[in-house]
Every structure is written in C-alpha cells, then in structure tokens.
>>> print(open('target.cif').read())   # mmCIF, C-alpha atoms and all ligand atoms
data_query
#
loop_
_atom_site.label_atom_id
_atom_site.label_comp_id
_atom_site.auth_asym_id
_atom_site.auth_seq_id
_atom_site.Cartn_x
_atom_site.Cartn_y
_atom_site.Cartn_z
CA MET E 1 0.00 0.00 0.00
CA GLU E 2 2.73 2.42 1.06
CA THR E 3 4.83 1.41 -1.98
CA THR E 4 1.86 2.00 -4.32
CA MET E 5 1.28 5.46 -2.82
CA ARG E 6 4.99 6.29 -3.19
CA MET E 7 4.96 5.15 -6.85
CA THR E 8 1.81 7.19 -7.63
CA LYS E 9 3.35 10.31 -6.03
CA SER E 10 6.62 9.94 -7.91
CA ARG E 11 4.79 9.39 -11.23
CA GLY E 12 2.77 12.57 -10.53
CA LYS E 13 5.98 14.50 -9.82
CA SER E 14 7.67 13.34 -13.03
CA ARG E 15 4.58 14.28 -15.11
CA SER E 16 4.57 17.74 -13.55
CA ALA E 17 8.31 18.03 -14.28
CA ILE E 18 7.81 17.20 -17.99
CA PHE E 19 5.01 19.76 -18.14
CA PHE E 20 7.12 22.47 -16.48
CA LYS E 21 10.06 21.69 -18.79
CA ARG E 22 7.81 22.15 -21.85
CA PHE E 23 6.44 25.39 -20.35
CA LEU E 24 10.01 26.73 -20.16
CA CYS E 25 10.52 25.86 -23.85
CA ARG E 26 7.17 27.20 -25.15
CA PRO E 27 5.61 29.48 -22.48
CA PHE E 28 2.92 31.00 -24.76
CA ARG E 29 1.78 27.66 -26.09
CA ILE E 30 1.76 25.73 -22.82
CA ALA E 31 0.57 28.82 -20.88
CA SER E 32 0.60 27.19 -17.44
CA VAL E 33 3.39 26.11 -15.09
CA ILE E 34 1.58 23.20 -13.49
CA PRO E 35 -1.12 20.79 -14.68
CA SER E 36 -4.77 21.22 -13.64
CA SER E 37 -5.69 20.16 -10.10
CA ARG E 38 -7.59 17.01 -9.19
CA THR E 39 -10.65 19.14 -8.30
CA LEU E 40 -10.63 20.86 -11.68
CA THR E 41 -10.27 17.60 -13.61
CA ARG E 42 -13.23 16.16 -11.67
CA ARG E 43 -15.37 19.27 -12.25
CA VAL E 44 -14.70 19.09 -15.99
CA ALA E 45 -15.42 15.35 -16.22
CA ASP E 46 -18.65 15.88 -14.24
CA LYS E 47 -19.93 17.84 -17.25
CA ILE E 48 -19.89 14.72 -19.46
CA ASP E 49 -22.59 12.07 -19.60
CA PHE E 50 -20.63 8.80 -19.60
CA SER E 51 -23.65 6.46 -19.57
CA GLU E 52 -23.39 5.63 -23.30
CA PRO E 53 -20.60 5.17 -25.85
CA ARG E 54 -19.34 8.60 -26.88
CA VAL E 55 -16.79 10.18 -29.15
CA ILE E 56 -14.88 12.65 -27.00
CA VAL E 57 -12.17 15.04 -28.23
CA GLU E 58 -9.64 16.79 -26.01
CA PHE E 59 -7.76 19.93 -27.14
CA GLY E 60 -4.39 20.45 -25.39
CA PRO E 61 -4.23 17.54 -22.93
CA GLY E 62 -0.72 18.50 -21.76
CA GLU E 63 0.63 15.68 -19.59
CA GLY E 64 -2.83 14.01 -19.50
CA CYS E 65 -4.44 15.01 -16.18
CA HIS E 66 -7.95 15.49 -17.65
CA THR E 67 -7.42 12.54 -19.97
CA ARG E 68 -6.86 10.16 -17.02
CA GLU E 69 -10.05 11.33 -15.31
CA ILE E 70 -12.10 11.00 -18.51
CA LEU E 71 -10.67 7.54 -19.24
CA ARG E 72 -11.41 6.39 -15.70
CA ARG E 73 -15.11 7.15 -16.24
CA MET E 74 -15.44 6.43 -19.94
CA HIS E 75 -17.68 3.70 -21.43
CA PRO E 76 -15.66 0.71 -22.80
CA SER E 77 -16.95 1.42 -26.34
CA SER E 78 -16.19 5.15 -26.29
CA GLN E 79 -13.35 6.83 -28.16
CA LEU E 80 -11.15 9.64 -26.93
CA ILE E 81 -9.14 11.62 -29.49
CA LEU E 82 -6.37 13.90 -28.20
CA PHE E 83 -4.90 16.89 -30.07
CA GLU E 84 -1.61 17.94 -28.50
CA LEU E 85 0.59 20.37 -30.42
CA ASP E 86 3.73 19.91 -28.33
CA PRO E 87 5.73 16.93 -29.71
CA GLU E 88 7.29 15.92 -26.37
CA LEU E 89 3.99 16.03 -24.51
CA ALA E 90 2.32 14.10 -27.36
CA GLN E 91 5.02 11.42 -27.11
CA HIS E 92 4.56 11.26 -23.35
CA LEU E 93 0.80 10.74 -23.90
CA VAL E 94 1.43 7.96 -26.43
CA GLN E 95 3.60 6.12 -23.87
CA GLN E 96 1.24 6.75 -20.97
CA PHE E 97 -1.91 5.49 -22.73
CA ARG E 98 -0.39 2.84 -25.00
CA ASP E 99 -2.42 0.03 -23.36
CA ASP E 100 -5.83 1.68 -23.80
CA PRO E 101 -7.33 1.00 -27.26
CA ARG E 102 -10.02 3.67 -26.76
CA ILE E 103 -7.51 6.46 -27.10
CA THR E 104 -5.89 8.14 -30.13
CA VAL E 105 -3.07 10.64 -29.62
CA LEU E 106 -2.48 13.14 -32.42
CA ASN E 107 0.51 15.45 -32.38
CA ALA E 108 -1.52 18.02 -34.28
CA ASP E 109 -3.14 21.44 -34.07
CA CYS E 110 -6.73 21.12 -32.89
CA ALA E 111 -7.68 23.31 -35.87
CA THR E 112 -7.42 20.10 -37.95
CA LEU E 113 -10.27 18.54 -35.95
CA ALA E 114 -12.85 18.14 -38.75
CA ALA E 115 -10.30 16.63 -41.15
CA GLU E 116 -8.95 14.21 -38.50
CA LEU E 117 -12.47 13.06 -37.57
CA ALA E 118 -13.33 12.57 -41.27
CA ARG E 119 -10.13 10.50 -41.74
CA ARG E 120 -11.50 8.17 -39.07
CA GLY E 121 -14.94 7.96 -40.69
CA LEU E 122 -16.52 10.21 -38.05
CA SER E 123 -18.78 13.08 -39.06
CA HIS E 124 -19.32 14.29 -35.47
CA CYS E 125 -18.16 14.02 -31.90
CA ASP E 126 -20.27 14.26 -28.73
CA TYR E 127 -17.99 16.34 -26.52
CA ILE E 128 -14.96 18.58 -26.91
CA VAL E 129 -12.93 19.36 -23.79
CA SER E 130 -10.50 22.22 -24.30
CA GLY E 131 -7.49 23.30 -22.26
CA ILE E 132 -5.73 25.35 -24.93
CA PRO E 133 -4.95 29.01 -24.15
CA PHE E 134 -7.74 30.57 -26.26
CA SER E 135 -7.06 34.03 -24.85
CA LEU E 136 -3.61 34.00 -26.51
CA LEU E 137 -4.93 33.09 -29.98
CA GLU E 138 -5.19 35.74 -32.65
CA PRO E 139 -8.86 36.73 -33.19
CA ALA E 140 -9.30 35.13 -36.65
CA LYS E 141 -7.91 31.77 -35.47
CA LYS E 142 -10.01 31.92 -32.32
CA ARG E 143 -13.20 32.58 -34.33
CA ALA E 144 -12.43 29.79 -36.82
CA LEU E 145 -11.73 27.27 -34.04
CA LEU E 146 -14.89 28.12 -32.12
CA ARG E 147 -16.96 27.80 -35.31
CA ALA E 148 -15.28 24.47 -36.16
CA ALA E 149 -15.97 23.19 -32.62
CA TYR E 150 -19.67 24.03 -33.00
CA ASP E 151 -19.89 22.47 -36.48
CA VAL E 152 -18.40 19.09 -35.52
CA LEU E 153 -20.54 18.59 -32.41
CA ALA E 154 -23.34 16.07 -32.94
CA PRO E 155 -26.81 17.63 -33.19
CA HIS E 156 -28.22 16.18 -29.97
CA ALA E 157 -29.19 17.72 -26.65
CA ARG E 158 -26.18 16.52 -24.66
CA SER E 159 -23.33 17.36 -27.00
CA ALA E 160 -21.18 20.21 -25.75
CA PHE E 161 -17.93 22.14 -25.88
CA ILE E 162 -16.38 22.33 -22.40
CA ILE E 163 -13.58 24.74 -21.56
CA TYR E 164 -11.60 25.73 -18.47
CA GLN E 165 -10.02 29.19 -18.50
CA VAL E 166 -8.74 31.90 -16.19
CA THR E 167 -11.20 34.45 -17.62
CA ASN E 168 -14.67 33.84 -19.00
CA GLU E 169 -13.97 35.89 -22.14
CA LEU E 170 -14.96 33.07 -24.52
CA VAL E 171 -18.62 33.49 -23.59
CA GLY E 172 -18.56 36.68 -25.67
CA HIS E 173 -17.06 34.81 -28.64
CA CYS E 174 -19.44 31.86 -28.45
CA ARG E 175 -22.78 33.51 -29.25
CA HIS E 176 -23.36 30.83 -31.91
CA PHE E 177 -23.82 28.28 -29.09
CA PRO E 178 -27.40 28.75 -27.92
CA ARG E 179 -26.82 27.95 -24.22
CA ASN E 180 -23.99 27.91 -21.73
CA GLU E 181 -23.37 27.41 -18.04
CA SER E 182 -20.30 28.44 -16.00
CA ARG E 183 -18.88 27.64 -12.61
CA TYR E 184 -15.79 29.05 -10.94
CA CYS E 185 -13.30 26.54 -9.58
CA LEU E 186 -11.19 28.08 -6.81
CA GLN E 187 -9.27 24.87 -6.10
CA ASN E 188 -6.82 25.25 -8.95
CA ILE E 189 -3.67 27.32 -9.50
CA PRO E 190 -4.79 29.70 -10.90
CA PRO E 191 -8.57 29.48 -10.26
CA MET E 192 -10.53 28.80 -13.45
CA PHE E 193 -13.98 29.14 -14.96
CA VAL E 194 -15.38 25.85 -16.23
CA THR E 195 -17.87 26.66 -18.97
CA LYS E 196 -20.06 24.28 -20.92
CA PHE E 197 -21.45 25.44 -24.28
CA TYR E 198 -24.33 23.34 -25.55
CA LYS E 199 -24.99 22.67 -29.21
CA ALA E 200 -28.76 22.34 -28.75
CA PRO E 201 -31.05 25.13 -27.58
CA GLN E 202 -33.21 22.83 -25.41
CA PRO E 203 -32.07 20.76 -22.37
CA ALA E 204 -32.16 16.93 -22.76
C1 LIG E 301 -2.66 25.30 -20.32
S1 LIG E 301 -1.96 23.81 -21.00
C2 LIG E 301 -3.22 22.67 -20.40
C3 LIG E 301 -2.69 21.29 -20.18
C4 LIG E 301 -3.65 20.33 -19.49
N1 LIG E 301 -4.87 20.20 -20.23
C5 LIG E 301 -3.95 20.75 -18.07
O1 LIG E 301 -5.12 21.09 -17.80
O2 LIG E 301 -3.05 20.74 -17.24
C6 LIG E 301 -2.32 23.99 -22.74
C7 LIG E 301 -1.97 22.80 -23.61
O3 LIG E 301 -2.51 23.02 -24.92
C8 LIG E 301 -1.56 22.66 -25.90
N2 LIG E 301 -1.91 23.44 -27.12
C9 LIG E 301 -1.80 24.79 -27.29
N3 LIG E 301 -2.29 25.15 -28.49
C10 LIG E 301 -2.74 24.00 -29.08
C11 LIG E 301 -3.36 23.72 -30.35
N4 LIG E 301 -3.65 24.69 -31.22
N5 LIG E 301 -3.69 22.43 -30.64
C12 LIG E 301 -3.42 21.43 -29.75
N6 LIG E 301 -2.81 21.64 -28.55
C13 LIG E 301 -2.48 22.90 -28.21
C14 LIG E 301 -0.22 23.03 -25.27
O4 LIG E 301 0.85 22.36 -25.88
C15 LIG E 301 -0.47 22.60 -23.81
O5 LIG E 301 -0.16 21.23 -23.62
#
>>> encode(input="target.cif", output="structure tokens")
Amino acid sequence: METTMRMTKSRGKSRSAIFFKRFLCRPFRIASVIPSSRTLTRRVADKIDFSEPRVIVEFGPGEGCHTREILRRMHPSSQLILFELDPELAQHLVQQFRDDPRITVLNADCATLAAELARRGLSHCDYIVSGIPFSLLEPAKKRALLRAAYDVLAPHARSAFIIYQVTNELVGHCRHFPRNESRYCLQNIPPMFVTKFYKAPQPA
C-alpha cells in the first residue's frame, strides 16, 4: 500500500516536471506552469454524460491530467481523441496510454479537428474538452476554431464544448452556441472558470 502510494506520487511528480520543462521551452503555447488540479479535472469530467458510448475530443491535454479522469469514467466502447501540439507532450501521452485501445493521440493542431475526424470515418463528436490558451490566440484563429468546434458537435441535446479558462472571455465569442453554463473553480492554480457550451437550444 505504502509502496503503491509512493509510486503514484513519484509518477505525478515526473509528469509535472515534464510539463514544467515544456512550459520553459514554449511558455505561450503551454501557458501554465503546473497541470490542472484534481478538483478541476473532476469538475470538468462531471460535465460529461458517460452512460453511453461517446466520441470525445480533447484539445491540449498536456501531460494528461484530464485525460486520465475522462478515461477512468469512460464507457468501454467510447473513443477519446487527443490533439496535442507539443511533440514531447504528445510522445509522453502515447507512452502513458499505450495500453488503452479507446484512445488516439495526435501530435496536431486542434484546428485540424474536422479533417482528422473525417479520416476516421466520423462526421461528429459528442464532446470537446478544451485546455488550450484561447485568450492568446489571434482573433481570426479563435473565431475559426470556435466555429469548427460548433460544427463538428453532434446535433443532440447533450453534446457540448467544455472549456476551463482563467477568464470567461470566450462566452462573448461563443454567441453561436445557444446555451452555456459556467462555474468558478477556486481549487486550482490559478482558479478557473469551467464553462459548458451546448450545441442544442433545449435541455435533454
Ligand atoms: C494550459 S496547457 C493545459 C494542459 C492540461 N490540459 C492541463 O489542464 O493541465 C495547454 C496545452 O494546450 C496545448 N496546445 C496549445 N495550443 C494548441 C493547439 N492549437 N492544438 C493542440 N494543442 C495545443 C499546449 O501544448 C499545452 O499542452
């Protein structure tokens, strides 16, 4: 028991170290010195309905803290597709999740989402979870990405785009999503808004 706890702690430390090292190399792309907290990863996963097989996409998984929480809850027939732009973090994710056939790691810009889904025979996904630093994107890229996220979400009442961010500025850029709900999570460094944008106007 004690050995298992020691191993888990040391794995956590080495993941944080990889993340910090990549932050030092690309501060504006990584945009955070430490991975999201356990509370934040739970709050984000709570926004997903895991009762049925789903296609879930994650933008900017970093060292995989949200990914592990989603995988822990995910239906055995679901798929999780990761878009991680940083090559070292993407390689780390490939190693970390190599034994789980539900997961696909792409070392790619999340702007290629529609094309990557189409390559896999998928016209839609059910959820997109995003951790990329939207506030640092140039306006045209931000607009295109938010439009693409809306377009690829399946047209059903549960499908949603879920983001966690220091400010809630994206609400103003997401008027094409008919509904949203936000909650502030203080138990993270720094505290974050978790916002869920629904594709459908009516609740399920
Ligand atoms: C703030 S970190 C979040 C990491 C992790 N999700 C967490 O919560 O700790 C942002 C991550 O998004 C990745 N990223 C930034 N822009 C991206 C893009 N356009 N496509 C895919 N990944 C991107 C960065 O490499 C980094 O791993």
>>> atom_distance(input="target.cif", atom1="CA of Arg22 (chain E)", atom2="CA of Arg68 (chain E)")
19.6 Å
>>> residues_near_ligand(input="target.cif", ligand="ligand LIG 301 (chain E)", cutoff="7 Å", atoms="only C-alpha atoms and all ligand atoms", output="PyMOL selection string")
chain E and resi 29-32+34-36+59-66+83-86+89+108-111+131-133
>>> atom_distance(input="target.cif", atom1="CA of Leu80 (chain E)", atom2="CA of Lys47 (chain E)")
15.4 Å
>>> closest_residue(input="target.cif", among="E:Ser37, E:Ser51, E:Ser135, E:Ser159", to="Glu69 (chain E)", atoms="all atoms listed in the file")
E:Ser37
>>> closest_residue(input="target.cif", among="E:Gln187, E:Thr167, E:Thr112, E:Gln96", to="Arg15 (chain E)", atoms="only C-alpha atoms")
E:Gln96
>>> closest_residue(input="target.cif", among="E:Arg72, E:Gly12, E:Ala149, E:Ala140", to="Leu117 (chain E)", atoms="all atoms listed in the file")
E:Ala149
>>> closest_residue(input="target.cif", among="E:Thr67, E:Asn180, E:Ser14, E:Gln95", to="Phe161 (chain E)", atoms="all atoms listed in the file")
E:Asn180
>>> residues_around(input="target.cif", residues="Gln79 (chain E)", least_positions_apart="3", cutoff="10 Å", atoms="only C-alpha atoms", output="list in words")
Pro53, Arg54, Val55, Ile56, Val57, Leu71, Met74, His75, Pro76, Leu82, Pro101, Arg102, Ile103, Thr104 and Cys125 of chain E
>>> write_last_selection(input="target.cif", atoms="C-alpha atoms", output="compact mmCIF listing (two decimals), in the frame of the given file")
# COMPACT_ATOMS: atom_id res chain seq x y z
CA PRO E 53 -20.60 5.17 -25.85
CA ARG E 54 -19.34 8.60 -26.88
CA VAL E 55 -16.79 10.18 -29.15
CA ILE E 56 -14.88 12.65 -27.00
CA VAL E 57 -12.17 15.04 -28.23
CA LEU E 71 -10.67 7.54 -19.24
CA MET E 74 -15.44 6.43 -19.94
CA HIS E 75 -17.68 3.70 -21.43
CA PRO E 76 -15.66 0.71 -22.80
CA LEU E 82 -6.37 13.90 -28.20
CA PRO E 101 -7.33 1.00 -27.26
CA ARG E 102 -10.02 3.67 -26.76
CA ILE E 103 -7.51 6.46 -27.10
CA THR E 104 -5.89 8.14 -30.13
CA CYS E 125 -18.16 14.02 -31.90
>>> atom_distance(input="target.cif", atom1="CA of Asn168 (chain E)", atom2="CA of Phe134 (chain E)")
10.6 Å
>>> residues_around(input="target.cif", residues="Arg158 (chain E)", least_positions_apart="5", cutoff="8 Å", atoms="all atoms listed in the file", output="list in words")
Asp49, Asp126, Tyr198, Lys199, Ala200, Pro203 and Ala204 of chain E
>>> closest_residue(input="target.cif", among="E:Asp99, E:Glu58, E:Asp46, E:Glu88", to="Arg73 (chain E)", atoms="only C-alpha atoms")
E:Asp46
>>> closest_residue(input="target.cif", among="E:His92, E:Arg43, E:Arg98, E:Lys141", to="Leu186 (chain E)", atoms="all atoms listed in the file")
E:Arg43
>>> axis_aligned_box(input="target.cif", around="region 47-66 of chain E", padding_each_side="6 Å", output="AutoDock Vina command-line options")
--center_x -11.5 --center_y 12.8 --center_z -22.7 --size_x 36.3 --size_y 27.3 --size_z 25.0
>>> residues_near_point(input="target.cif", point="(-14.7, 35.5, -28.4)", cutoff="12 Å", atoms="all atoms listed in the file", output="CSV table (one decimal) with C-alpha atoms, in the coordinates of the input")
chain,number,residue,atom,x,y,z
E,134,PHE,CA,-7.7,30.6,-26.3
E,135,SER,CA,-7.1,34.0,-24.8
E,136,LEU,CA,-3.6,34.0,-26.5
E,137,LEU,CA,-4.9,33.1,-30.0
E,138,GLU,CA,-5.2,35.7,-32.6
E,139,PRO,CA,-8.9,36.7,-33.2
E,140,ALA,CA,-9.3,35.1,-36.6
E,141,LYS,CA,-7.9,31.8,-35.5
E,142,LYS,CA,-10.0,31.9,-32.3
E,143,ARG,CA,-13.2,32.6,-34.3
E,144,ALA,CA,-12.4,29.8,-36.8
E,145,LEU,CA,-11.7,27.3,-34.0
E,146,LEU,CA,-14.9,28.1,-32.1
E,147,ARG,CA,-17.0,27.8,-35.3
E,167,THR,CA,-11.2,34.4,-17.6
E,168,ASN,CA,-14.7,33.8,-19.0
E,169,GLU,CA,-14.0,35.9,-22.1
E,170,LEU,CA,-15.0,33.1,-24.5
E,171,VAL,CA,-18.6,33.5,-23.6
E,172,GLY,CA,-18.6,36.7,-25.7
E,173,HIS,CA,-17.1,34.8,-28.6
E,174,CYS,CA,-19.4,31.9,-28.4
E,175,ARG,CA,-22.8,33.5,-29.2
E,176,HIS,CA,-23.4,30.8,-31.9
E,177,PHE,CA,-23.8,28.3,-29.1
>>> build_atoms(input="target.cif", residues="region 69-87 of chain E", atoms="N, CA, C and O atoms", output="compact mmCIF listing (two decimals), in the frame of the given file")
# COMPACT_ATOMS: atom_id res chain seq x y z
N GLU E 69 -8.75 11.29 -15.98
CA GLU E 69 -10.05 11.33 -15.31
C GLU E 69 -11.17 10.91 -16.28
O GLU E 69 -12.08 10.17 -15.90
N ILE E 70 -11.08 11.37 -17.52
CA ILE E 70 -12.10 11.00 -18.51
C ILE E 70 -12.04 9.49 -18.77
O ILE E 70 -13.06 8.80 -18.77
N LEU E 71 -10.83 8.97 -18.96
CA LEU E 71 -10.67 7.54 -19.24
C LEU E 71 -11.20 6.68 -18.10
O LEU E 71 -11.79 5.63 -18.32
N ARG E 72 -10.97 7.14 -16.88
CA ARG E 72 -11.41 6.39 -15.70
C ARG E 72 -12.93 6.22 -15.71
O ARG E 72 -13.45 5.20 -15.27
N ARG E 73 -13.65 7.20 -16.27
CA ARG E 73 -15.11 7.15 -16.24
C ARG E 73 -15.72 6.66 -17.55
O ARG E 73 -16.93 6.41 -17.62
N MET E 74 -14.90 6.59 -18.58
CA MET E 74 -15.44 6.43 -19.94
C MET E 74 -15.98 5.02 -20.20
O MET E 74 -15.42 4.04 -19.75
N HIS E 75 -17.06 4.95 -20.98
CA HIS E 75 -17.68 3.70 -21.43
C HIS E 75 -16.64 2.88 -22.22
O HIS E 75 -15.85 3.46 -22.97
N PRO E 76 -16.67 1.52 -22.08
CA PRO E 76 -15.66 0.71 -22.80
C PRO E 76 -15.71 0.88 -24.32
O PRO E 76 -14.69 0.68 -24.99
N SER E 77 -16.87 1.27 -24.87
CA SER E 77 -16.95 1.42 -26.34
C SER E 77 -16.79 2.88 -26.79
O SER E 77 -17.07 3.19 -27.94
N SER E 78 -16.40 3.75 -25.89
CA SER E 78 -16.19 5.15 -26.29
C SER E 78 -14.82 5.31 -26.94
O SER E 78 -13.96 4.45 -26.84
N GLN E 79 -14.66 6.47 -27.58
CA GLN E 79 -13.35 6.83 -28.16
C GLN E 79 -12.96 8.19 -27.62
O GLN E 79 -13.81 9.08 -27.50
N LEU E 80 -11.66 8.34 -27.36
CA LEU E 80 -11.15 9.64 -26.93
C LEU E 80 -9.99 10.02 -27.86
O LEU E 80 -9.01 9.28 -27.99
N ILE E 81 -10.14 11.17 -28.51
CA ILE E 81 -9.14 11.62 -29.49
C ILE E 81 -8.46 12.87 -28.94
O ILE E 81 -9.12 13.87 -28.65
N LEU E 82 -7.13 12.80 -28.79
CA LEU E 82 -6.37 13.90 -28.20
C LEU E 82 -5.62 14.68 -29.27
O LEU E 82 -4.97 14.07 -30.13
N PHE E 83 -5.69 16.00 -29.19
CA PHE E 83 -4.90 16.89 -30.07
C PHE E 83 -3.91 17.63 -29.19
O PHE E 83 -4.30 18.50 -28.41
N GLU E 84 -2.65 17.26 -29.29
CA GLU E 84 -1.61 17.94 -28.50
C GLU E 84 -0.52 18.42 -29.45
O GLU E 84 0.13 17.62 -30.11
N LEU E 85 -0.33 19.74 -29.47
CA LEU E 85 0.59 20.37 -30.42
C LEU E 85 2.06 20.15 -30.04
O LEU E 85 2.93 20.08 -30.92
N ASP E 86 2.33 20.03 -28.76
CA ASP E 86 3.73 19.91 -28.33
C ASP E 86 4.22 18.46 -28.57
O ASP E 86 3.64 17.51 -28.04
N PRO E 87 5.31 18.30 -29.36
CA PRO E 87 5.73 16.93 -29.71
C PRO E 87 6.17 16.09 -28.51
O PRO E 87 5.86 14.89 -28.45
